[in-house]
Amino acid sequence: MSIFICPVCGKSLEIREHCYVCPDRHSFDIAAKGYVNLLMSNHMNAKLPGDNKLMVNARADFLNKGYYSHLAKAVAEAAGEYFSGGAVLDAGCGEGYYTEMIRDSLCSSRDFSLGAVDISKFACAKAAARFKGDCRCETAAASVFRLPLADNSVSMLVTMFAPFCREEYIRVLKTGGTLIMAIPAEEHLMSLKAAVYEEPYKNMTADYGIEGFDFLGRRKISREITIDCAEDIRSLFTMTPYYYKTSREGHARVNALERLTTDAAFEVLVYKKN
Ligand SMILES: C[S@@+](CC[C@H](N)C(=O)[O-])C[C@H]1O[C@@H](n2cnc3c(N)ncnc32)[C@H](O)[C@@H]1O
Ligand SMILES: [Zn+2]
């Protein structure tokens with residue numbers, strides 16, 4: 001049985017060789033890349049929603065080089081610490097870099113299943129490749145605003161730099177379930193911003209309260225990283241929101257950078273659904 005439910009009728013899904021099927025015979029193809037497409041065309045605003053190929057590839061190239069491994073380690077540690085069995089969901093998983101680390105941190109636990117969801121098919125393809133042959137992990141193309149998961153079915157939900165849908169997260173999480181979220185800390189990527197903007201600004205990390213959740217705590221994770229390679233600097237820039245907000249001159253300044261030393265600073269926040 002799948003961790004996911006049928007997006008048409010809400011019933012459970014059985015996993016077959018090439019598709020997922022519900023008792024009402026709604027059927028969803030498993031793409032050649034290994035993810036199931038549970039995105040209904042009438043729920044999509046764009047033909048190819050979510051991060052495009054350029055952004056997904058840039059993020060994969062950058063993350064796979066380990067620049068943010070300190071964050072991956074901290075998130076995986078938090079997941080291992082708070083997990084006590086059941087289903088885990090990475091909502092807006094991207095290309096699955098952090099999802100895989102989370103999976104590895106749960107491996108000592110006998111009872112777990114892991115769902116990775118992203119609206120971008122390019123991201124899903126990369127995430128699914130990480131979990132090939134691991135029947136505990138499933139990847140689905142779906143929206144966090146309409147999660148194909150039953151009410152109260154998830155013990156732990158992870159959201160990292162992806163859109164946040166409080167109502168859906170409350171619906172799918174069990175009471176007492178854990179929400180883990182990563183956000184950029186104030187000084188994150190300040191040197192990159194200084195290279196791009198006349199007046200670089202700090203990130204805001206003011207209020208940690210989320211209605212429906214008890215805030216359990218936060219951990220600051222910071223490391224100075226030096227990127228010696230122009231290609232990696234461009235990958236980093238392409239995976240940030242600044243990429244699409246920056247003037248042509250700003251792009252030219254980033255493209256001219258050969259070396260960048262900057263803070264990679266995050267906060268990992270942990271909540272409990274009340
Ligand atoms: C900044 S990336 C973060 C990806 C991953 N969590 C990480 O930290 O590497 C944001 C991701 O959210 C996805 N996304 C955007 N809108 C979404 C939605 N409505 N539902 C699910 N995923 C969405 C994008 O496709 C993208 O992969
Ligand atoms: Zn159905």
# chains A, B, ... in the order shown; residues from 1 in each chain; ligands from 1
$ residues_near_ligand --ligand "ligand 2" --cutoff "10 Å" --atoms "only C-alpha atoms and all ligand atoms" --output "number ranges by chain"
A: 5-13, 20-28
$ write_last_selection --atoms "N, CA and C atoms" --output "mmCIF file, in the first residue's frame"
data_model
loop_
_atom_site.group_PDB
_atom_site.id
_atom_site.type_symbol
_atom_site.label_atom_id
_atom_site.label_comp_id
_atom_site.auth_asym_id
_atom_site.auth_seq_id
_atom_site.Cartn_x
_atom_site.Cartn_y
_atom_site.Cartn_z
ATOM 1 N N ILE A 5 -2.639 8.847 -1.232
ATOM 2 C CA ILE A 5 -4.017 8.463 -1.535
ATOM 3 C C ILE A 5 -4.406 8.991 -2.920
ATOM 4 N N CYS A 6 -5.491 8.440 -3.427
ATOM 5 C CA CYS A 6 -5.965 8.824 -4.757
ATOM 6 C C CYS A 6 -6.400 10.305 -4.737
ATOM 7 N N PRO A 7 -5.842 11.114 -5.634
ATOM 8 C CA PRO A 7 -6.222 12.542 -5.640
ATOM 9 C C PRO A 7 -7.636 12.775 -6.171
ATOM 10 N N VAL A 8 -8.256 11.732 -6.762
ATOM 11 C CA VAL A 8 -9.620 11.900 -7.291
ATOM 12 C C VAL A 8 -10.651 11.576 -6.210
ATOM 13 N N CYS A 9 -10.535 10.379 -5.585
ATOM 14 C CA CYS A 9 -11.575 9.951 -4.648
ATOM 15 C C CYS A 9 -11.088 9.879 -3.196
ATOM 16 N N GLY A 10 -9.780 10.009 -2.983
ATOM 17 C CA GLY A 10 -9.249 10.018 -1.606
ATOM 18 C C GLY A 10 -9.066 8.627 -1.007
ATOM 19 N N LYS A 11 -9.301 7.573 -1.806
ATOM 20 C CA LYS A 11 -9.113 6.218 -1.260
ATOM 21 C C LYS A 11 -7.645 5.812 -1.350
ATOM 22 N N SER A 12 -7.321 4.689 -0.697
ATOM 23 C CA SER A 12 -5.919 4.250 -0.656
ATOM 24 C C SER A 12 -5.445 3.846 -2.056
ATOM 25 N N LEU A 13 -4.144 3.856 -2.234
ATOM 26 C CA LEU A 13 -3.560 3.499 -3.530
ATOM 27 C C LEU A 13 -2.690 2.257 -3.378
ATOM 28 N N TYR A 20 -0.069 3.375 -10.041
ATOM 29 C CA TYR A 20 -0.752 3.302 -8.743
ATOM 30 C C TYR A 20 -2.247 3.214 -9.064
ATOM 31 N N VAL A 21 -2.973 2.351 -8.337
ATOM 32 C CA VAL A 21 -4.403 2.182 -8.623
ATOM 33 C C VAL A 21 -5.190 2.213 -7.315
ATOM 34 N N CYS A 22 -6.372 2.870 -7.347
ATOM 35 C CA CYS A 22 -7.233 2.894 -6.159
ATOM 36 C C CYS A 22 -8.372 1.892 -6.351
ATOM 37 N N PRO A 23 -9.151 1.586 -5.319
ATOM 38 C CA PRO A 23 -10.244 0.610 -5.458
ATOM 39 C C PRO A 23 -11.276 1.033 -6.508
ATOM 40 N N ASP A 24 -11.386 2.346 -6.775
ATOM 41 C CA ASP A 24 -12.328 2.819 -7.799
ATOM 42 C C ASP A 24 -11.699 2.839 -9.192
ATOM 43 N N ARG A 25 -10.521 2.243 -9.285
ATOM 44 C CA ARG A 25 -9.792 2.087 -10.558
ATOM 45 C C ARG A 25 -9.279 3.380 -11.169
ATOM 46 N N HIS A 26 -9.141 4.401 -10.351
ATOM 47 C CA HIS A 26 -8.397 5.567 -10.850
ATOM 48 C C HIS A 26 -6.933 5.145 -10.878
ATOM 49 N N SER A 27 -6.298 5.438 -11.990
ATOM 50 C CA SER A 27 -4.949 4.907 -12.179
ATOM 51 C C SER A 27 -3.970 6.044 -12.502
ATOM 52 N N PHE A 28 -2.771 5.953 -11.928
ATOM 53 C CA PHE A 28 -1.770 7.020 -12.087
ATOM 54 C C PHE A 28 -0.443 6.398 -12.484
#
$ closest_atom_pairs --of "chain A" --to "ligand 1" --cutoff "9 Å" --atoms "only C-alpha atoms and all ligand atoms" --output "tab-separated table"
residue	atom	partner	partner_atom_place_in_ligand_line	distance
A:Pro49	CA	ligand 1	25 (O)	7.0
A:Gly50	CA	ligand 1	25 (O)	3.5
A:Asp51	CA	ligand 1	25 (O)	3.9
A:Asn52	CA	ligand 1	25 (O)	7.3
A:Met55	CA	ligand 1	27 (O)	8.4
A:Val56	CA	ligand 1	27 (O)	6.8
A:Arg59	CA	ligand 1	9 (O)	6.8
A:Ala60	CA	ligand 1	9 (O)	8.0
A:Leu63	CA	ligand 1	9 (O)	7.7
A:Asp90	CA	ligand 1	6 (N)	7.5
A:Ala91	CA	ligand 1	21 (C)	6.3
A:Gly92	CA	ligand 1	22 (N)	3.8
A:Cys93	CA	ligand 1	6 (N)	4.1
A:Gly94	CA	ligand 1	27 (O)	3.5
A:Glu95	CA	ligand 1	9 (O)	6.3
A:Gly96	CA	ligand 1	9 (O)	6.6
A:Tyr97	CA	ligand 1	9 (O)	6.1
A:Tyr98	CA	ligand 1	9 (O)	6.4
A:Thr99	CA	ligand 1	6 (N)	8.0
A:Val117	CA	ligand 1	21 (C)	6.3
A:Asp118	CA	ligand 1	22 (N)	3.9
A:Ile119	CA	ligand 1	21 (C)	4.1
A:Ser120	CA	ligand 1	25 (O)	4.3
A:Lys121	CA	ligand 1	25 (O)	7.9
A:Phe122	CA	ligand 1	25 (O)	8.1
A:Ala123	CA	ligand 1	27 (O)	5.7
A:Cys124	CA	ligand 1	27 (O)	8.2
A:Ala141	CA	ligand 1	21 (C)	7.8
A:Ala142	CA	ligand 1	21 (C)	6.0
A:Ser143	CA	ligand 1	20 (N)	3.4
A:Val144	CA	ligand 1	20 (N)	4.0
A:Phe145	CA	ligand 1	19 (N)	5.7
A:Arg146	CA	ligand 1	20 (N)	7.9
A:Leu147	CA	ligand 1	20 (N)	8.3
A:Val158	CA	ligand 1	6 (N)	8.5
A:Thr159	CA	ligand 1	6 (N)	6.3
A:Met160	CA	ligand 1	6 (N)	4.3
A:Phe161	CA	ligand 1	3 (C)	4.7
A:Ala162	CA	ligand 1	10 (C)	4.1
A:Pro163	CA	ligand 1	16 (N)	5.6
A:Phe164	CA	ligand 1	19 (N)	8.5
A:Cys165	CA	ligand 1	19 (N)	8.6
A:Ala182	CA	ligand 1	8 (O)	8.2
A:Met239	CA	ligand 1	1 (C)	6.9
A:Thr240	CA	ligand 1	1 (C)	7.0
A:Pro241	CA	ligand 1	1 (C)	7.7
$ select_by_dssp --residues "region 13-181 of chain A" --states "helix (DSSP H, G or I)" --output "ChimeraX atom specification"
/A:41-43,53-64,69-82,97-106,121-130,166-172
$ write_last_selection --atoms "C-alpha atoms" --output "compact mmCIF listing (two decimals), in the first residue's frame"
# COMPACT_ATOMS: atom_id res chain seq x y z
CA SER A 41 -4.26 18.88 -14.65
CA ASN A 42 -7.27 20.90 -13.42
CA HIS A 43 -5.30 21.77 -10.24
CA LYS A 53 15.03 22.35 -15.28
CA LEU A 54 17.64 25.12 -14.97
CA MET A 55 16.86 25.73 -11.29
CA VAL A 56 16.63 22.04 -10.40
CA ASN A 57 19.93 21.24 -12.11
CA ALA A 58 21.65 24.24 -10.52
CA ARG A 59 20.46 23.19 -7.06
CA ALA A 60 21.46 19.56 -7.62
CA ASP A 61 24.93 20.56 -8.84
CA PHE A 62 25.48 22.92 -5.92
CA LEU A 63 24.06 20.78 -3.12
CA ASN A 64 25.73 17.59 -4.28
CA SER A 69 26.12 19.63 4.21
CA HIS A 70 26.09 21.27 7.67
CA LEU A 71 22.40 22.03 7.20
CA ALA A 72 21.64 18.56 5.84
CA LYS A 73 23.35 17.02 8.87
CA ALA A 74 21.41 19.21 11.31
CA VAL A 75 18.05 18.48 9.68
CA ALA A 76 18.78 14.75 9.58
CA GLU A 77 19.78 14.85 13.24
CA ALA A 78 16.57 16.64 14.20
CA ALA A 79 14.54 14.10 12.20
CA GLY A 80 16.31 11.19 13.90
CA GLU A 81 15.85 12.76 17.33
CA TYR A 82 12.10 13.44 17.06
CA TYR A 97 19.26 16.14 -1.32
CA TYR A 98 17.94 16.71 2.21
CA THR A 99 15.26 14.01 1.85
CA GLU A 100 17.93 11.39 1.30
CA MET A 101 19.85 12.49 4.40
CA ILE A 102 16.61 12.33 6.39
CA ARG A 103 15.94 8.82 5.07
CA ASP A 104 19.42 7.74 6.11
CA SER A 105 18.90 9.11 9.62
CA LEU A 106 15.73 7.00 10.00
CA LYS A 121 8.48 17.01 -12.43
CA PHE A 122 12.16 17.79 -12.98
CA ALA A 123 12.67 17.81 -9.21
CA CYS A 124 10.61 14.62 -8.74
CA ALA A 125 12.69 12.79 -11.35
CA LYS A 126 15.91 13.60 -9.49
CA ALA A 127 14.44 12.80 -6.07
CA ALA A 128 13.02 9.46 -7.25
CA ALA A 129 16.43 8.43 -8.62
CA ARG A 130 17.82 8.68 -5.07
CA ARG A 166 -0.45 25.51 7.19
CA GLU A 167 -3.98 24.11 6.64
CA GLU A 168 -2.71 21.10 4.69
CA TYR A 169 0.11 20.42 7.14
CA ILE A 170 -2.34 20.49 10.04
CA ARG A 171 -4.70 18.19 8.14
CA VAL A 172 -2.16 15.48 7.28
$ select_by_dssp --residues "region 33-273 of chain A" --states "strand (DSSP E)" --output "PyMOL selection string"
chain A and resi 36-37+86-91+112-118+137-141+154-160+173-184+213-227+260-273
$ residues_around --residues "Val268 (chain A)" --least-positions-apart "2" --cutoff "6 Å" --atoms "only C-alpha atoms" --output "PyMOL selection string"
chain A and resi 181-182+218-219
$ residues_around --residues "Ile233 (chain A)" --least-positions-apart "6" --cutoff "8 Å" --atoms "only C-alpha atoms" --output "list of chain:residue names"
A:Ile227, A:Val254, A:Leu257, A:Glu258, A:Arg259, A:Leu260
$ residues_around --residues "Gly217 (chain A)" --least-positions-apart "5" --cutoff "10 Å" --atoms "only C-alpha atoms" --output "number ranges by chain"
A: 208, 268-272
$ closest_residue --among "A:Thr262, A:Arg223, A:Ile15, A:Ala256" --to "Tyr68 (chain A)" --atoms "only C-alpha atoms"
A:Arg223
$ atom_distance --atom1 "CA of Cys137 (chain A)" --atom2 "CA of Phe83 (chain A)"
15.8 Å
$ closest_residue --among "A:Asn255, A:Asn37, A:Arg248, A:Ala87" --to "Ala150 (chain A)" --atoms "only C-alpha atoms"
A:Ala87
$ residues_around --residues "Ser222 (chain A)" --least-positions-apart "3" --cutoff "10 Å" --atoms "only C-alpha atoms" --output "number ranges by chain"
A: 68, 70-71, 184-185, 187-188, 219, 225, 263-267
$ atom_distance --atom1 "CA of Lys202 (chain A)" --atom2 "CA of Leu189 (chain A)"
9.0 Å
$ atom_distance --atom1 "CA of His18 (chain A)" --atom2 "CA of Gly86 (chain A)"
25.5 Å
$ residues_around --residues "Tyr242 (chain A)" --least-positions-apart "3" --cutoff "10 Å" --atoms "only C-alpha atoms" --output "ChimeraX atom specification"
/A:192-193,196-197,237-239,245-247,250-251
$ write_last_selection --atoms "C-alpha atoms" --output "PDB file, in the first residue's frame"
ATOM      1  CA  LEU A 192      26.597  37.176  -2.532  1.00  0.00           C
ATOM      2  CA  LYS A 193      23.945  39.846  -1.996  1.00  0.00           C
ATOM      3  CA  VAL A 196      24.688  41.853  -6.576  1.00  0.00           C
ATOM      4  CA  TYR A 197      22.931  44.728  -4.829  1.00  0.00           C
ATOM      5  CA  PHE A 237      22.842  32.245  -7.686  1.00  0.00           C
ATOM      6  CA  THR A 238      20.491  30.356 -10.022  1.00  0.00           C
ATOM      7  CA  MET A 239      18.965  28.370  -7.160  1.00  0.00           C
ATOM      8  CA  LYS A 245      14.743  39.548  -9.229  1.00  0.00           C
ATOM      9  CA  THR A 246      18.154  40.845 -10.237  1.00  0.00           C
ATOM     10  CA  SER A 247      18.946  43.398 -12.924  1.00  0.00           C
ATOM     11  CA  GLY A 250      23.589  42.348 -11.147  1.00  0.00           C
ATOM     12  CA  HIS A 251      23.751  39.187 -13.235  1.00  0.00           C
TER      13      HIS A 251
END
$ closest_residue --among "A:Arg234, A:Lys174, A:Lys132, A:Lys273" --to "Ala32 (chain A)" --atoms "only C-alpha atoms"
A:Lys132
$ decode --residues "region 29-47 of chain A" --atoms "N, CA and C atoms" --output "compact mmCIF listing (two decimals), in the first residue's frame"
# COMPACT_ATOMS: atom_id res chain seq x y z
N ASP A 29 0.07 6.85 -13.60
CA ASP A 29 1.31 6.26 -14.15
C ASP A 29 2.53 6.55 -13.28
N ILE A 30 3.39 5.55 -13.20
CA ILE A 30 4.71 5.79 -12.62
C ILE A 30 5.60 6.18 -13.80
N ALA A 31 6.18 7.38 -13.74
CA ALA A 31 7.03 7.86 -14.84
C ALA A 31 8.27 6.98 -14.94
N ALA A 32 8.87 6.99 -16.10
CA ALA A 32 10.08 6.19 -16.31
C ALA A 32 11.15 6.54 -15.26
N LYS A 33 11.13 7.79 -14.79
CA LYS A 33 12.13 8.23 -13.80
C LYS A 33 11.81 7.74 -12.39
N GLY A 34 10.61 7.14 -12.20
CA GLY A 34 10.35 6.48 -10.91
C GLY A 34 9.41 7.20 -9.96
N TYR A 35 8.85 8.35 -10.35
CA TYR A 35 7.88 9.03 -9.47
C TYR A 35 6.49 8.84 -10.02
N VAL A 36 5.48 8.95 -9.13
CA VAL A 36 4.11 8.84 -9.59
C VAL A 36 3.53 10.25 -9.76
N ASN A 37 2.79 10.41 -10.82
CA ASN A 37 2.23 11.73 -11.08
C ASN A 37 0.81 11.82 -10.49
N LEU A 38 0.68 12.50 -9.35
CA LEU A 38 -0.63 12.65 -8.70
C LEU A 38 -1.16 14.08 -8.84
N LEU A 39 -0.55 14.78 -9.78
CA LEU A 39 -0.95 16.17 -10.03
C LEU A 39 -2.08 16.16 -11.05
N MET A 40 -3.23 16.66 -10.64
CA MET A 40 -4.37 16.69 -11.55
C MET A 40 -4.25 17.92 -12.44
N SER A 41 -4.47 17.75 -13.74
CA SER A 41 -4.26 18.88 -14.65
C SER A 41 -5.18 20.06 -14.31
N ASN A 42 -6.36 19.78 -13.76
CA ASN A 42 -7.27 20.90 -13.42
C ASN A 42 -6.86 21.60 -12.12
N HIS A 43 -5.80 21.10 -11.44
CA HIS A 43 -5.30 21.77 -10.24
C HIS A 43 -4.00 22.52 -10.52
N MET A 44 -3.57 22.52 -11.77
CA MET A 44 -2.29 23.16 -12.08
C MET A 44 -2.51 24.54 -12.68
N ASN A 45 -1.69 25.50 -12.25
CA ASN A 45 -1.78 26.85 -12.82
C ASN A 45 -0.92 26.98 -14.06
N ALA A 46 0.09 26.12 -14.16
CA ALA A 46 1.02 26.21 -15.29
C ALA A 46 1.20 24.81 -15.87
N LYS A 47 1.63 24.75 -17.12
CA LYS A 47 1.83 23.46 -17.76
C LYS A 47 2.97 22.69 -17.09
